[in-house]
Amino acid sequence: MNYFSFIVKELVRKKARGLFAILGMTIGVVTCIVMLGLSEGIRDSFSSAYLSRHIDIIVFEKDQYNLLSSRIDASISQELQKYPEIESATGILFDVIKYEKSYLPLHGWPIESRLFKDIKVIGQKPRPHQYEVMLGEVLARTAAKSIGDSVTIKRKPFKVVGIFQSDIPIERSSMVIPLTTMQAMDKKLANSVVGINVTLAQEFKDDISLDNVIKKIEAQHETLSAQPADIFSEEKARMFLIGEKFATLVLIVTVIAVILGLVNTMTTSIFEKKKLIGLLLTLGWQKTDIIVSLFCQALFLSFVSGVLGIIIGFYATEYVYKVSMVNMFAVSWDYQFIINIIAVVMSAVIASVFMASWIVVNMNPLEVIKNE
Amino acid sequence: MSDTPALIRLDNVLKVYGLARIQALGPISLSIAKGDFVAVRGPSGSGKSTLLNVIAGLTPATSGEVYYNGRPFPRIHNKASWRRNKIGFIFQDFYLYPGFTVLENVLLPMANCIIMMPKWTTKARDMLHELGLGGKLRQNINTLSTGERQRVCVARALLNDPEIILADEPTGSLDSKNTVKILEVLKHINEEKNTTVLMVTHDDNVVSYAKRQINILDGVIRNGS
């Protein structure tokens, strides 16, 4: 028996205890990852909506909190299109409608819009006309609709002419109809759009030009607000994300609870070994030998739990997205953040191991082994 | 005092614990020569274990000086290493490592080495054979009788050929037959290898194996020195 085999033997000596420690830590890591995945996924589902379409500026009605309540004259998009800095200005409609038992996003896009180029359509037509609709792939699957079927939108029958895949998670559970049809369906929406997506010409894609175009739009149209797309998605999309902050809060609480749980598990397991540690000190083991041995054991348990936790965590999050109402969002991972969270959790474990080991190795060994 | 320095010498050693300044030992002066076999007697709480703690370097004296081979104790920098090489411990409750085999328990003092020298394994096997445990090397420690466990504890204490054996009530948990066996082993080591034995005990029969005895009461030696 040498130092390494001693460490291995120590690890397997109490198999049930070791397995429970791994199980506890794994559950902790899984919980952190699932909470993180939910919160990140929901947030990214919105923020990616603009960035992945190369949209630089969002124009909407001044003093409106979100796009749903914003109304702009549709002709303004043609005016903006004339700006030399602007490559395209697309007025869109957006609403949340009741469909069967749930609420879904409904998009009204101009038929000629480049927005249709950014989705991958499976079906007869690349764009819908009149009372035709395209369904996001998730919606088509959950609603069991295929091309040629009919769906009812605001009491009007629409024919499904395409099913599309999109990089933007929220669109996968949405419907797209022609902008003119959507305007015609509701008097309040006649000749209106909720916002205009502005894409700058390639030579003007810099911060100064962006700022100048925003100032220009706001100067010429007092009733409009213009914002860079990334800031807009951060600020405005948040109204949809009541759950995002809640999920973040739950994540923080979860991480704290997991840290406390793991610290408790690790310190308890070391204090349980007090007698054995006292014996080793009495027999002439160096304090560092004991601390390193405990560290190695903790590192092994943490590593196994960390790896298992990450793998199970990813699958668990995917599963949660599949089976729950959040299927309109997609899993999104901020790997750096995951690494940070795992590092914080594992650092807390290592620190607690060090602290508990330090306390135990500095006790009087004979007193410890005799009086425990 | 003889010309040769005592193996262990305590000069006015005082041990006080905690903020309450509980005086557990001393002031005490004691000299133990190499090859001595000393029985330390005294009621519970009299300071016997504190004396072993101080001699083993597990706790520092509050005042006074402890000498090992004429060298003041504080000058021994690596006390853990010194303890491993010079001291063998035998406990009343054995304190063997649960879940480990007989052989592994004997090798425990040397198990903090990256590579276990084959000489230690050979020596541990030989000692266990001598102590009648040759057939149980691979057996889990939990399967042994109390007498066998104490013999494992003795083998562990002797692995490093210690200069001093500190035995804290080594026969306290044994029946008379096993008590005699253990005492005979200690006596044999003391006589054959000139190993110094310091044995804490309550038992008058056990005291008779020692060359001299010290009685401690309230932390102070009442007779012997």
# chains A, B, ... in the order shown; residues from 1 in each chain; ligands from 1
>>> residues_around(residues="B:Leu144", least_positions_apart="2", cutoff="12 Å", atoms="only C-alpha atoms", output="list in words")
Phe94, Leu96, Pro98, Gly99, Phe100, Thr101, Val102, Leu133, Gly135, Lys136, Leu137, Arg138, Gln139, Asn140, Ile141, Asn142, Thr146, Gly147, Glu148, Arg149, Gln150, Arg151, Val152 and Cys153 of chain B
>>> residues_around(residues="A:Ser209", least_positions_apart="2", cutoff="12 Å", atoms="only C-alpha atoms", output="PyMOL selection string")
chain A and resi 56-57+83-86+199-207+211-216+228
>>> write_last_selection(atoms="C-alpha atoms", output="tab-separated table (two decimals), in the first residue's frame")
chain	number	residue	atom	x	y	z
A	56	ASP	CA	-29.29	47.07	-36.75
A	57	ILE	CA	-32.06	49.42	-35.63
A	83	TYR	CA	-31.94	57.03	-46.58
A	84	PRO	CA	-28.56	56.32	-48.21
A	85	GLU	CA	-27.31	54.64	-45.02
A	86	ILE	CA	-30.20	52.18	-44.96
A	199	THR	CA	-30.66	47.08	-41.73
A	200	LEU	CA	-27.81	49.48	-42.50
A	201	ALA	CA	-25.86	49.36	-45.71
A	202	GLN	CA	-22.56	47.54	-45.33
A	203	GLU	CA	-20.44	50.72	-45.50
A	204	PHE	CA	-22.45	52.30	-42.66
A	205	LYS	CA	-22.25	49.42	-40.20
A	206	ASP	CA	-20.30	51.28	-37.55
A	207	ASP	CA	-21.23	52.86	-34.24
A	211	ASP	CA	-25.89	56.78	-33.90
A	212	ASN	CA	-26.32	59.29	-36.74
A	213	VAL	CA	-29.14	57.32	-38.39
A	214	ILE	CA	-30.96	56.99	-35.05
A	215	LYS	CA	-30.68	60.73	-34.47
A	216	LYS	CA	-31.85	61.42	-38.02
A	228	PRO	CA	-29.96	49.77	-31.68
>>> residues_around(residues="B:Leu158", least_positions_apart="4", cutoff="7 Å", atoms="only C-alpha atoms", output="VMD selection string")
chain B and resid 88 154 162
>>> write_last_selection(atoms="N, CA, C and O atoms", output="tab-separated table (two decimals), in the first residue's frame")
chain	number	residue	atom	x	y	z
B	88	GLY	N	6.55	4.34	18.81
B	88	GLY	CA	5.50	3.38	18.46
B	88	GLY	C	4.37	3.53	19.46
B	88	GLY	O	4.61	3.60	20.67
B	154	VAL	N	0.21	-3.76	17.99
B	154	VAL	CA	1.61	-3.91	18.43
B	154	VAL	C	2.53	-3.98	17.21
B	154	VAL	O	3.57	-3.32	17.15
B	162	PRO	N	10.96	1.38	16.69
B	162	PRO	CA	10.99	2.63	17.46
B	162	PRO	C	11.98	2.57	18.64
B	162	PRO	O	12.27	1.48	19.13
>>> interface_residues(of="chain A", to="chain B", cutoff="10 Å", atoms="only C-alpha atoms", output="VMD selection string")
chain A and resid 1 to 7 9 to 10 12 to 14 275 to 276 278 to 287 289 to 290 293 363 to 367 369 to 370
>>> select_by_dssp(residues="stretch 109-181 of chain B", states="alpha helix (DSSP H)", output="PyMOL selection string")
chain B and resi 118-130+146-158+176-181
